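J.: So here's work_13.pdb (PDB, C-alpha atoms (C1' of nucleotides)).
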```pdb
ATOM      1  CA  MET F   1     -68.762 -22.353 -23.297
ATOM      2  CA  ARG F   2     -71.846 -22.597 -25.455
ATOM      3  CA  ALA F   3     -74.434 -19.846 -25.423
ATOM      4  CA  GLU F   4     -77.072 -20.278 -22.772
ATOM      5  CA  PRO F   5     -80.573 -20.925 -24.072
ATOM      6  CA  ARG F   6     -81.914 -18.470 -21.511
ATOM      7  CA  LEU F   7     -79.784 -15.705 -22.980
ATOM      8  CA  GLU F   8     -80.920 -16.365 -26.523
ATOM      9  CA  ASP F   9     -84.496 -16.484 -25.315
ATOM     10  CA  ILE F  10     -84.119 -13.052 -23.733
ATOM     11  CA  HIS F  11     -82.575 -11.669 -26.927
ATOM     12  CA  ALA F  12     -85.378 -13.033 -29.063
ATOM     13  CA  ARG F  13     -88.055 -11.624 -26.802
ATOM     14  CA  VAL F  14     -86.592  -8.113 -26.701
ATOM     15  CA  LEU F  15     -85.950  -8.035 -30.451
ATOM     16  CA  ALA F  16     -89.473  -9.173 -31.253
ATOM     17  CA  TRP F  17     -90.929  -6.663 -28.828
ATOM     18  CA  TYR F  18     -88.897  -3.862 -30.408
ATOM     19  CA  ASP F  19     -90.004  -4.800 -33.909
ATOM     20  CA  ALA F  20     -93.602  -4.459 -32.808
ATOM     21  CA  ASN F  21     -93.320  -1.438 -30.525
ATOM     22  CA  ALA F  22     -90.504   0.840 -31.663
ATOM     23  CA  ARG F  23     -91.299   4.536 -31.866
ATOM     24  CA  ASP F  24     -90.832   6.240 -35.191
ATOM     25  CA  LEU F  25     -88.154   8.676 -34.049
ATOM     26  CA  PRO F  26     -86.717  10.862 -36.817
ATOM     27  CA  TRP F  27     -83.064  10.029 -36.127
ATOM     28  CA  ARG F  28     -83.853   6.324 -36.535
ATOM     29  CA  ARG F  29     -85.105   6.699 -40.082
ATOM     30  CA  PRO F  30     -83.043   5.267 -42.941
ATOM     31  CA  GLY F  31     -80.720   7.798 -44.503
ATOM     32  CA  THR F  32     -80.013   9.687 -41.277
ATOM     33  CA  SER F  33     -76.378  10.731 -41.425
ATOM     34  CA  PRO F  34     -73.893   9.717 -38.713
ATOM     35  CA  TRP F  35     -73.532  13.382 -37.818
ATOM     36  CA  ALA F  36     -77.300  13.714 -37.397
ATOM     37  CA  VAL F  37     -77.263  10.687 -35.098
ATOM     38  CA  LEU F  38     -74.447  12.206 -33.067
ATOM     39  CA  VAL F  39     -76.397  15.455 -32.705
ATOM     40  CA  SER F  40     -79.433  13.531 -31.478
ATOM     41  CA  GLU F  41     -77.354  11.669 -28.899
ATOM     42  CA  VAL F  42     -75.846  14.863 -27.506
ATOM     43  CA  MET F  43     -79.265  16.505 -27.294
ATOM     44  CA  LEU F  44     -80.614  13.416 -25.550
ATOM     45  CA  GLN F  45     -78.024  13.635 -22.791
ATOM     46  CA  GLN F  46     -80.392  14.323 -19.894
ATOM     47  CA  THR F  47     -83.146  15.782 -22.073
ATOM     48  CA  PRO F  48     -86.274  13.691 -22.769
ATOM     49  CA  VAL F  49     -87.095  12.517 -26.283
ATOM     50  CA  VAL F  50     -90.290  14.542 -26.601
ATOM     51  CA  ARG F  51     -88.399  17.792 -26.131
ATOM     52  CA  VAL F  52     -85.475  16.837 -28.331
ATOM     53  CA  GLU F  53     -87.512  15.794 -31.346
ATOM     54  CA  PRO F  54     -88.643  19.222 -32.654
ATOM     55  CA  ALA F  55     -85.348  20.862 -31.709
ATOM     56  CA  TRP F  56     -83.352  18.211 -33.565
ATOM     57  CA  THR F  57     -85.472  18.537 -36.705
ATOM     58  CA  ALA F  58     -85.022  22.305 -36.879
ATOM     59  CA  TRP F  59     -81.332  22.037 -35.996
ATOM     60  CA  MET F  60     -80.513  19.529 -38.720
ATOM     61  CA  GLU F  61     -82.373  21.559 -41.296
ATOM     62  CA  ARG F  62     -80.332  24.617 -40.370
ATOM     63  CA  TRP F  63     -76.947  22.928 -39.939
ATOM     64  CA  PRO F  64     -77.003  19.597 -41.805
ATOM     65  CA  ALA F  65     -73.262  18.891 -41.755
ATOM     66  CA  PRO F  66     -70.447  19.380 -39.237
ATOM     67  CA  ALA F  67     -68.967  22.146 -41.387
ATOM     68  CA  ASP F  68     -72.250  24.076 -41.213
ATOM     69  CA  LEU F  69     -72.344  24.037 -37.432
ATOM     70  CA  ALA F  70     -68.622  24.692 -37.180
ATOM     71  CA  ALA F  71     -69.036  27.949 -39.121
ATOM     72  CA  ALA F  72     -72.021  29.269 -37.150
ATOM     73  CA  PRO F  73     -71.739  32.084 -34.595
ATOM     74  CA  PRO F  74     -71.878  30.528 -31.109
ATOM     75  CA  ALA F  75     -74.648  32.958 -30.182
ATOM     76  CA  ASP F  76     -76.835  31.461 -32.911
ATOM     77  CA  VAL F  77     -75.996  27.975 -31.661
ATOM     78  CA  LEU F  78     -76.983  28.868 -28.094
ATOM     79  CA  ARG F  79     -80.218  30.503 -29.219
ATOM     80  CA  ALA F  80     -81.109  27.455 -31.308
ATOM     81  CA  TRP F  81     -80.361  25.223 -28.322
ATOM     82  CA  ASP F  82     -83.133  27.202 -26.623
ATOM     83  CA  ARG F  83     -84.320  25.458 -23.473
ATOM     84  CA  LEU F  84     -82.955  21.973 -23.981
ATOM     85  CA  GLY F  85     -80.942  22.571 -20.817
ATOM     86  CA  TYR F  86     -77.252  22.307 -19.968
ATOM     87  CA  PRO F  87     -76.262  24.823 -22.659
ATOM     88  CA  ARG F  88     -72.613  23.882 -22.277
ATOM     89  CA  ARG F  89     -73.598  20.882 -24.389
ATOM     90  CA  ALA F  90     -74.360  23.244 -27.269
ATOM     91  CA  LEU F  91     -70.893  24.760 -27.115
ATOM     92  CA  ARG F  92     -69.298  21.322 -26.907
ATOM     93  CA  LEU F  93     -71.365  20.139 -29.846
ATOM     94  CA  GLN F  94     -69.992  22.985 -31.911
ATOM     95  CA  GLU F  95     -66.461  22.192 -30.730
ATOM     96  CA  CYS F  96     -67.188  18.616 -31.715
ATOM     97  CA  ALA F  97     -68.244  19.735 -35.196
ATOM     98  CA  ARG F  98     -65.019  21.695 -35.528
ATOM     99  CA  ALA F  99     -62.966  18.703 -34.394
ATOM    100  CA  VAL F 100     -64.716  16.454 -36.910
ATOM    101  CA  VAL F 101     -63.908  18.958 -39.650
ATOM    102  CA  ALA F 102     -60.346  19.562 -38.510
ATOM    103  CA  HIS F 103     -59.284  16.013 -37.664
ATOM    104  CA  HIS F 104     -61.620  13.653 -39.516
ATOM    105  CA  GLY F 105     -62.210  15.273 -42.880
ATOM    106  CA  GLY F 106     -65.756  16.235 -41.926
ATOM    107  CA  GLU F 107     -66.825  12.624 -41.352
ATOM    108  CA  VAL F 108     -67.882  11.275 -37.958
ATOM    109  CA  PRO F 109     -65.263   8.699 -36.884
ATOM    110  CA  GLU F 110     -66.351   5.078 -36.505
ATOM    111  CA  THR F 111     -64.409   3.705 -33.566
ATOM    112  CA  GLU F 112     -65.340   4.312 -29.957
ATOM    113  CA  GLU F 113     -61.766   5.311 -29.218
ATOM    114  CA  GLU F 114     -61.826   8.119 -31.796
ATOM    115  CA  LEU F 115     -65.333   9.161 -30.796
ATOM    116  CA  LEU F 116     -64.318   9.448 -27.145
ATOM    117  CA  ASP F 117     -61.761  12.072 -28.096
ATOM    118  CA  LEU F 118     -64.503  14.376 -29.387
ATOM    119  CA  PRO F 119     -65.762  17.167 -27.092
ATOM    120  CA  GLY F 120     -69.008  16.284 -25.347
ATOM    121  CA  VAL F 121     -68.735  12.622 -26.251
ATOM    122  CA  GLY F 122     -68.417  10.260 -23.291
ATOM    123  CA  ALA F 123     -68.668   6.506 -22.890
ATOM    124  CA  TYR F 124     -72.370   6.320 -23.598
ATOM    125  CA  THR F 125     -72.417   8.611 -26.620
ATOM    126  CA  ALA F 126     -69.348   7.010 -28.175
ATOM    127  CA  ALA F 127     -70.954   3.575 -27.944
ATOM    128  CA  ALA F 128     -74.307   4.848 -29.166
ATOM    129  CA  VAL F 129     -72.824   6.572 -32.226
ATOM    130  CA  ALA F 130     -70.667   3.551 -33.054
ATOM    131  CA  ALA F 131     -73.746   1.333 -32.858
ATOM    132  CA  PHE F 132     -76.562   3.468 -34.221
ATOM    133  CA  ALA F 133     -74.699   5.635 -36.736
ATOM    134  CA  HIS F 134     -72.163   3.091 -37.961
ATOM    135  CA  GLY F 135     -73.797  -0.245 -37.217
ATOM    136  CA  ARG F 136     -70.926  -1.443 -35.082
ATOM    137  CA  ARG F 137     -70.993  -3.780 -32.108
ATOM    138  CA  ALA F 138     -70.699  -1.727 -28.911
ATOM    139  CA  VAL F 139     -71.862  -1.929 -25.305
ATOM    140  CA  VAL F 140     -74.446   0.838 -25.113
ATOM    141  CA  LEU F 141     -75.132   1.477 -21.453
ATOM    142  CA  ASP F 142     -77.488   4.312 -20.669
ATOM    143  CA  THR F 143     -79.923   4.796 -17.813
ATOM    144  CA  ASN F 144     -82.572   2.691 -19.593
ATOM    145  CA  VAL F 145     -80.307  -0.267 -20.311
ATOM    146  CA  ARG F 146     -78.898  -0.166 -16.797
ATOM    147  CA  ARG F 147     -82.386  -0.233 -15.299
ATOM    148  CA  VAL F 148     -83.675  -3.060 -17.511
ATOM    149  CA  LEU F 149     -80.639  -5.278 -16.907
ATOM    150  CA  GLY F 150     -80.574  -4.353 -13.235
ATOM    151  CA  ARG F 151     -84.138  -5.521 -12.838
ATOM    152  CA  ALA F 152     -84.310  -8.486 -15.187
ATOM    153  CA  ILE F 153     -80.899  -9.936 -14.324
ATOM    154  CA  GLU F 154     -79.874  -8.586 -10.946
ATOM    155  CA  GLY F 155     -83.307  -8.257  -9.388
ATOM    156  CA  ARG F 156     -82.723  -4.664  -8.271
ATOM    157  CA  ALA F 157     -85.372  -1.974  -8.429
ATOM    158  CA  LEU F 158     -82.843   0.536  -9.786
ATOM    159  CA  PRO F 159     -79.176   0.333 -10.748
ATOM    160  CA  PRO F 160     -76.584   1.599  -8.265
ATOM    161  CA  PRO F 161     -75.769   5.329  -8.501
ATOM    162  CA  ALA F 162     -72.286   4.717  -9.899
ATOM    163  CA  LEU F 163     -71.618   2.670 -13.017
ATOM    164  CA  GLY F 164     -68.733   0.326 -12.255
ATOM    165  CA  ARG F 165     -66.575  -2.148 -14.105
ATOM    166  CA  ALA F 166     -68.562  -5.176 -12.956
ATOM    167  CA  GLU F 167     -71.818  -3.780 -14.277
ATOM    168  CA  ARG F 168     -70.198  -2.883 -17.607
ATOM    169  CA  GLU F 169     -68.750  -6.364 -18.003
ATOM    170  CA  ARG F 170     -72.070  -7.939 -17.160
ATOM    171  CA  ALA F 171     -73.780  -5.816 -19.792
ATOM    172  CA  ALA F 172     -71.095  -6.814 -22.292
ATOM    173  CA  GLY F 173     -71.883 -10.437 -21.513
ATOM    174  CA  TYR F 174     -75.477  -9.904 -22.565
ATOM    175  CA  LEU F 175     -74.623  -8.264 -25.883
ATOM    176  CA  PRO F 176     -75.459 -10.611 -28.784
ATOM    177  CA  ALA F 177     -72.411 -11.880 -30.647
ATOM    178  CA  GLY F 178     -73.696 -10.937 -34.096
ATOM    179  CA  THR F 179     -73.115  -7.334 -35.118
ATOM    180  CA  ALA F 180     -76.555  -6.673 -36.587
ATOM    181  CA  GLU F 181     -78.280  -8.306 -33.630
ATOM    182  CA  SER F 182     -76.150  -6.361 -31.169
ATOM    183  CA  VAL F 183     -77.321  -3.077 -32.680
ATOM    184  CA  ARG F 184     -80.977  -4.103 -32.486
ATOM    185  CA  TRP F 185     -80.478  -5.385 -28.950
ATOM    186  CA  ASN F 186     -79.004  -2.062 -27.849
ATOM    187  CA  VAL F 187     -81.822   0.019 -29.253
ATOM    188  CA  GLY F 188     -84.400  -2.549 -28.203
ATOM    189  CA  VAL F 189     -83.384  -2.626 -24.545
ATOM    190  CA  MET F 190     -83.227   1.153 -24.465
ATOM    191  CA  GLU F 191     -86.713   1.367 -25.929
ATOM    192  CA  LEU F 192     -88.001  -1.207 -23.458
ATOM    193  CA  GLY F 193     -86.635   0.872 -20.612
ATOM    194  CA  ALA F 194     -88.133   4.047 -22.036
ATOM    195  CA  LEU F 195     -91.620   2.691 -22.719
ATOM    196  CA  VAL F 196     -92.247  -0.256 -20.376
ATOM    197  CA  CYS F 197     -89.541  -0.783 -17.776
ATOM    198  CA  THR F 198     -89.719   2.814 -16.613
ATOM    199  CA  ALA F 199     -88.184   4.164 -13.425
ATOM    200  CA  ARG F 200     -91.535   4.806 -11.815
ATOM    201  CA  SER F 201     -94.621   2.630 -12.198
ATOM    202  CA  PRO F 202     -93.227   0.180 -14.767
ATOM    203  CA  ARG F 203     -95.808  -1.493 -16.972
ATOM    204  CA  CYS F 204     -94.737  -5.032 -16.205
ATOM    205  CA  THR F 205     -97.818  -6.643 -17.714
ATOM    206  CA  ALA F 206     -96.692  -5.319 -21.116
ATOM    207  CA  CYS F 207     -93.118  -6.536 -20.712
ATOM    208  CA  PRO F 208     -91.711  -9.306 -22.923
ATOM    209  CA  LEU F 209     -89.408 -10.317 -20.047
ATOM    210  CA  LEU F 210     -92.147 -10.569 -17.426
ATOM    211  CA  GLY F 211     -91.679 -14.288 -16.962
ATOM    212  CA  ARG F 212     -87.866 -13.928 -16.972
ATOM    213  CA  CYS F 213     -87.486 -10.937 -14.677
ATOM    214  CA  ALA F 214     -85.491 -11.469 -11.479
ATOM    215  CA  TRP F 215     -86.960  -8.336  -9.910
ATOM    216  CA  VAL F 216     -90.536  -9.450 -10.487
ATOM    217  CA  ALA F 217     -89.659 -12.967  -9.314
ATOM    218  CA  ALA F 218     -88.307 -11.473  -6.084
ATOM    219  CA  GLY F 219     -91.566  -9.623  -5.476
ATOM    220  CA  ARG F 220     -90.370  -6.259  -6.808
ATOM    221  CA  PRO F 221     -88.272  -5.268  -3.761
ATOM    222  CA  ASP F 222     -87.612  -1.602  -3.020
ATOM    223  CA  ASP F 223     -84.575   0.350  -4.196
ATOM    224  CA  GLU F 224     -81.806  -0.358  -1.697
ATOM    225  CA  HIS F 225     -79.947   2.799  -2.703
ATOM    226  CA  ALA F 226     -82.891   5.132  -2.178
ATOM    227  CA  HIS F 227     -81.307   6.751   0.864
ATOM    228  CA  ARG F 228     -78.225   7.697  -1.181
ATOM    229  CA  ARG F 229     -80.035   9.196  -4.157
ATOM    230  CA  ARG F 230     -80.068  12.773  -3.051
ATOM    231  CA  THR F 231     -82.105  14.701  -5.532
ATOM    232  CA  GLN F 232     -80.425  17.795  -6.860
ATOM    233  CA  GLY F 233     -82.555  20.687  -5.789
ATOM    234  CA  TRP F 234     -83.622  23.343  -8.217
ATOM    235  CA  HIS F 235     -85.396  26.209  -6.489
ATOM    236  CA  GLY F 236     -82.906  28.832  -5.405
ATOM    237  CA  THR F 237     -79.871  27.101  -6.876
ATOM    238  CA  ASP F 238     -77.092  28.629  -8.935
ATOM    239  CA  ARG F 239     -78.325  26.557 -11.851
ATOM    240  CA  GLN F 240     -81.726  28.202 -11.725
ATOM    241  CA  VAL F 241     -80.122  31.649 -11.626
ATOM    242  CA  ARG F 242     -77.786  30.771 -14.486
ATOM    243  CA  GLY F 243     -80.777  29.554 -16.448
ATOM    244  CA  ARG F 244     -82.618  32.835 -15.957
ATOM    245  CA  ILE F 245     -79.595  34.836 -17.088
ATOM    246  CA  MET F 246     -79.198  32.695 -20.210
ATOM    247  CA  ALA F 247     -82.914  32.978 -20.975
ATOM    248  CA  HIS F 248     -82.656  36.751 -20.734
ATOM    249  CA  LEU F 249     -79.681  36.849 -23.110
ATOM    250  CA  ARG F 250     -81.367  34.526 -25.615
ATOM    251  CA  ARG F 251     -84.305  36.915 -25.830
ATOM    252  CA  LEU F 252     -82.061  39.902 -26.461
ATOM    253  CA  PRO F 253     -82.094  41.202 -30.066
ATOM    254  CA  ASP F 254     -78.965  40.347 -31.978
ATOM    255  CA  GLY F 255     -76.178  42.876 -31.501
ATOM    256  CA  LEU F 256     -77.577  44.270 -28.285
ATOM    257  CA  ALA F 257     -75.766  43.876 -24.982
ATOM    258  CA  ALA F 258     -77.386  43.602 -21.571
ATOM    259  CA  GLY F 259     -76.230  45.793 -18.722
ATOM    260  CA  ARG F 260     -74.768  44.174 -15.657
ATOM    261  CA  GLU F 261     -77.525  45.299 -13.288
ATOM    262  CA  GLU F 262     -80.169  44.265 -15.796
ATOM    263  CA  LEU F 263     -78.662  40.815 -16.008
ATOM    264  CA  LEU F 264     -78.284  40.373 -12.259
ATOM    265  CA  ALA F 265     -81.936  41.358 -11.822
ATOM    266  CA  ALA F 266     -82.905  38.812 -14.448
ATOM    267  CA  GLY F 267     -80.969  36.212 -12.491
ATOM    268  CA  ALA F 268     -82.978  37.172  -9.403
ATOM    269  CA  ASP F 269     -86.189  36.723 -11.394
ATOM    270  CA  GLY F 270     -86.801  40.456 -11.540
ATOM    271  CA  ALA F 271     -86.178  41.067  -7.863
ATOM    272  CA  ASP F 272     -83.418  43.101  -6.283
ATOM    273  CA  PRO F 273     -80.465  40.719  -5.885
ATOM    274  CA  ALA F 274     -79.734  42.339  -2.537
ATOM    275  CA  ALA F 275     -83.010  40.943  -1.240
ATOM    276  CA  LEU F 276     -82.057  37.356  -1.987
ATOM    277  CA  PRO F 277     -81.081  34.976   0.809
ATOM    278  CA  ASP F 278     -77.691  34.912  -0.911
ATOM    279  CA  PRO F 279     -77.242  38.431  -2.368
ATOM    280  CA  ALA F 280     -74.021  37.462  -4.138
ATOM    281  CA  GLN F 281     -75.651  34.610  -6.045
ATOM    282  CA  PRO F 282     -76.530  36.408  -9.317
ATOM    283  CA  ALA F 283     -73.057  37.907  -9.639
ATOM    284  CA  ARG F 284     -71.506  34.541  -8.925
ATOM    285  CA  ALA F 285     -73.730  32.879 -11.509
ATOM    286  CA  LEU F 286     -72.880  35.487 -14.128
ATOM    287  CA  ALA F 287     -69.166  35.088 -13.468
ATOM    288  CA  SER F 288     -69.458  31.322 -13.841
ATOM    289  CA  LEU F 289     -71.298  31.707 -17.143
ATOM    290  CA  VAL F 290     -68.495  33.933 -18.425
ATOM    291  CA  ALA F 291     -65.937  31.400 -17.207
ATOM    292  CA  ASP F 292     -67.818  28.669 -19.059
ATOM    293  CA  GLY F 293     -67.777  30.674 -22.284
ATOM    294  CA  LEU F 294     -71.570  30.868 -22.335
ATOM    295  CA  VAL F 295     -71.590  34.636 -21.868
ATOM    296  CA  ALA F 296     -69.217  37.201 -23.367
ATOM    297  CA  ALA F 297     -68.354  40.314 -21.376
ATOM    298  CA  GLU F 298     -67.546  43.689 -22.896
ATOM    299  CA  PRO F 299     -63.952  44.716 -22.244
ATOM    300  CA  ASP F 300     -65.059  46.981 -19.392
ATOM    301  CA  ALA F 301     -67.587  44.402 -18.106
ATOM    302  CA  SER F 302     -70.358  46.974 -18.475
ATOM    303  CA  GLY F 303     -72.323  44.837 -20.887
ATOM    304  CA  PHE F 304     -72.820  41.178 -21.631
ATOM    305  CA  ARG F 305     -74.070  39.174 -24.592
ATOM    306  CA  LEU F 306     -74.048  35.676 -25.983
ATOM    307  CA  PRO F 307     -70.565  34.817 -27.296
TER     308      PRO F 307
ATOM    309  C1'  DA G   1     -66.121   8.675  -6.394
ATOM    310  C1'  DA G   2     -68.563  12.918  -6.045
ATOM    311  C1'  DC G   3     -70.176  17.103  -7.781
ATOM    312  C1'  DG G   4     -72.138  20.759 -10.830
ATOM    313  C1'  DC G   5     -74.708  21.517 -14.615
ATOM    314  C1'  DG G   6     -81.230  23.240 -17.151
ATOM    315  C1'  DG G   7     -85.565  22.643 -17.654
ATOM    316  C1'  DG G   8     -89.914  20.574 -17.953
ATOM    317  C1'  DG G   9     -93.575  17.196 -17.427
ATOM    318  C1'  DG G  10     -95.789  13.183 -15.254
ATOM    319  C1'  DA G  11     -97.011  10.766 -10.985
TER     320       DA G  11
ATOM    321  C1'  DT K   1     -94.144  18.725  -4.635
ATOM    322  C1'  DC K   2     -90.999  15.259  -6.081
ATOM    323  C1'  DC K   3     -88.370  12.808  -9.337
ATOM    324  C1'  DC K   4     -86.447  11.534 -13.525
ATOM    325  C1'  DC K   5     -84.798  12.219 -18.138
ATOM    326  C1'  DA K   6     -80.408   8.122 -24.599
ATOM    327  C1'  DG K   7     -74.528  12.012 -19.437
ATOM    328  C1'  DC K   8     -70.263  14.707 -19.466
ATOM    329  C1'  DG K   9     -66.193  17.009 -17.588
ATOM    330  C1'  DT K  10     -63.787  18.318 -13.580
ATOM    331  C1'  DT K  11     -61.887  17.658  -9.048
TER     332       DT K  11
END
```
The structure in this file should be written as structure tokens.

T.:
Amino acid sequence: MRAEPRLEDIHARVLAWYDANARDLPWRRPGTSPWAVLVSEVMLQQTPVVRVEPAWTAWMERWPAPADLAAAPPADVLRAWDRLGYPRRALRLQECARAVVAHHGGEVPETEEELLDLPGVGAYTAAAVAAFAHGRRAVVLDTNVRRVLGRAIEGRALPPPALGRAERERAAGYLPAGTAESVRWNVGVMELGALVCTARSPRCTACPLLGRCAWVAAGRPDDEHAHRRRTQGWHGTDRQVRGRIMAHLRRLPDGLAAGREELLAAGADGADPAALPDPAQPARALASLVADGLVAAEPDASGFRLP
DNA sequence: AACGCGGGGGA
DNA sequence: TCCCCAGCGTT
């Protein structure tokens, strides 16, 4: 079957828009190493670009190569991760560095299959590194791409909560056949989703696909999955308590341990844990942090520090 | 398939 | 206040 003119038209429009509107992000600059790209992708997992940018720059200056990060004390890695969120990613990134050193001669592998075996690297990150670090043809499917294709092609306000096989195959069908074009398409659609086709209040008048968008053509119908998108709460959750405990430990001078009561109080935001609606919450959060390897306990559990 | 996991900034 | 952000690993 020959390529559809409509498809090529969509490709051309997105590519031209990207050429004119791409942000100058540091990990996109020529000469960025594959490892530096991988680090950026892991940091960008659920953390917005504006917060990743300064952290990535400092990180790459401190630990330019996988071997550098592999040799660092985990406590330093967690402190440098600072408040990017989901600190387990920092530990996995270091495990990833060690795997690259141990199994790939210190070079980031090129195939998605090999990348998927690395800690902290899932379907999205494997495709993104293959495409953006190695220039390979891969189906990069993140929240931005899913939203743009969902709107322009499917006419949905937002993609369904779960990413299924059908959606992945559809996205693959829209990937340009040429390798170089596929890479630009991937980054171009992502950028379009980040800057124009945003989740809330999209700037449709600035969109290169305005006249080709199924969602706009349908009158911009509401999200049919809205009732199923239960927002994860934050106030009073274990995650918030874990975050407070980690923040307290990050501030601790190197070599010092925090007492158990001190740490539980930090988890309760300075209050007496016994006064919380769930008095056991801080202790539970601390135990989970130890189980995750984010906190190291003294042999007698009297003190705690970063690992 | 569903859940847990940080933290912050814009609407 | 709510909601979303270049997701991943576990169950």

J.: Find the residues of chain F in contact range of chain K, meaning any atom within 6 Å when counting all atoms listed in the file, and list them as a list in words.

T.: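 Taking all atoms listed in the file into account, Leu44, Gln45, Gln46, Thr47 and Pro48 of chain F sit within 6 Å of chain K.
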
J.: Next, the residues of the selection above should be written as a PDB file, keeping the file's coordinate frame with C-alpha atoms.

T.:
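See out_22.pdb below for the written result:
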```pdb
ATOM      1  CA  LEU F  44     -80.614  13.416 -25.550  1.00  0.00           C
ATOM      2  CA  GLN F  45     -78.024  13.635 -22.791  1.00  0.00           C
ATOM      3  CA  GLN F  46     -80.392  14.323 -19.894  1.00  0.00           C
ATOM      4  CA  THR F  47     -83.146  15.782 -22.073  1.00  0.00           C
ATOM      5  CA  PRO F  48     -86.274  13.691 -22.769  1.00  0.00           C
TER       6      PRO F  48
END
```

J.: List every protein, DNA or RNA residue that has at least one atom no more than 12 Å from (-70.9, 36.8, -11.3) in the file's coordinates, counting all atoms listed in the file, and write the result as a list in words.

T.: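 In the file's frame, the residues around the point are Asp238, Val241, Arg242, Ile245, Arg260, Glu261, Leu263, Leu264, Ala265, Gly267, Pro273, Pro279, Ala280, Gln281, Pro282, Ala283, Arg284, Ala285, Leu286, Ala287, Ser288, Leu289, Val290, Ala291, Asp292, Val295, Ala297, Ala301 and Phe304 of chain F.
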
J.: Rank F:Ala226, F:Leu163, F:Ala218, F:Val140 by their smallest atom-to-atom distance to DA1 (chain G), using only C-alpha atoms (C1' of nucleotides), and report the top residue only.

T.: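 Answer, going by the shortest atom-to-atom distance: F:Leu163.
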
J.: Name the residues in contact with region 21-34 of chain F at a cut-off of 7 Å, using all atoms listed in the file, excluding same-chain residues fewer than 4 positions from it; report them as a CSV table (one decimal) with C-alpha atoms, in the coordinates of the input.

T.:
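Written file, around-v9.csv:
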```csv
chain,number,residue,atom,x,y,z
F,17,TRP,CA,-90.9,-6.7,-28.8
F,38,LEU,CA,-74.4,12.2,-33.1
F,40,SER,CA,-79.4,13.5,-31.5
F,108,VAL,CA,-67.9,11.3,-38.0
F,133,ALA,CA,-74.7,5.6,-36.7
F,134,HIS,CA,-72.2,3.1,-38.0
F,191,GLU,CA,-86.7,1.4,-25.9
```

J.: Interatomic distance between CA of Arg170 (chain F) and CA of Leu149 (chain F)?

T.: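 Atom-to-atom, CA of Arg170 (chain F) to CA of Leu149 (chain F), that is 9.0 Å.
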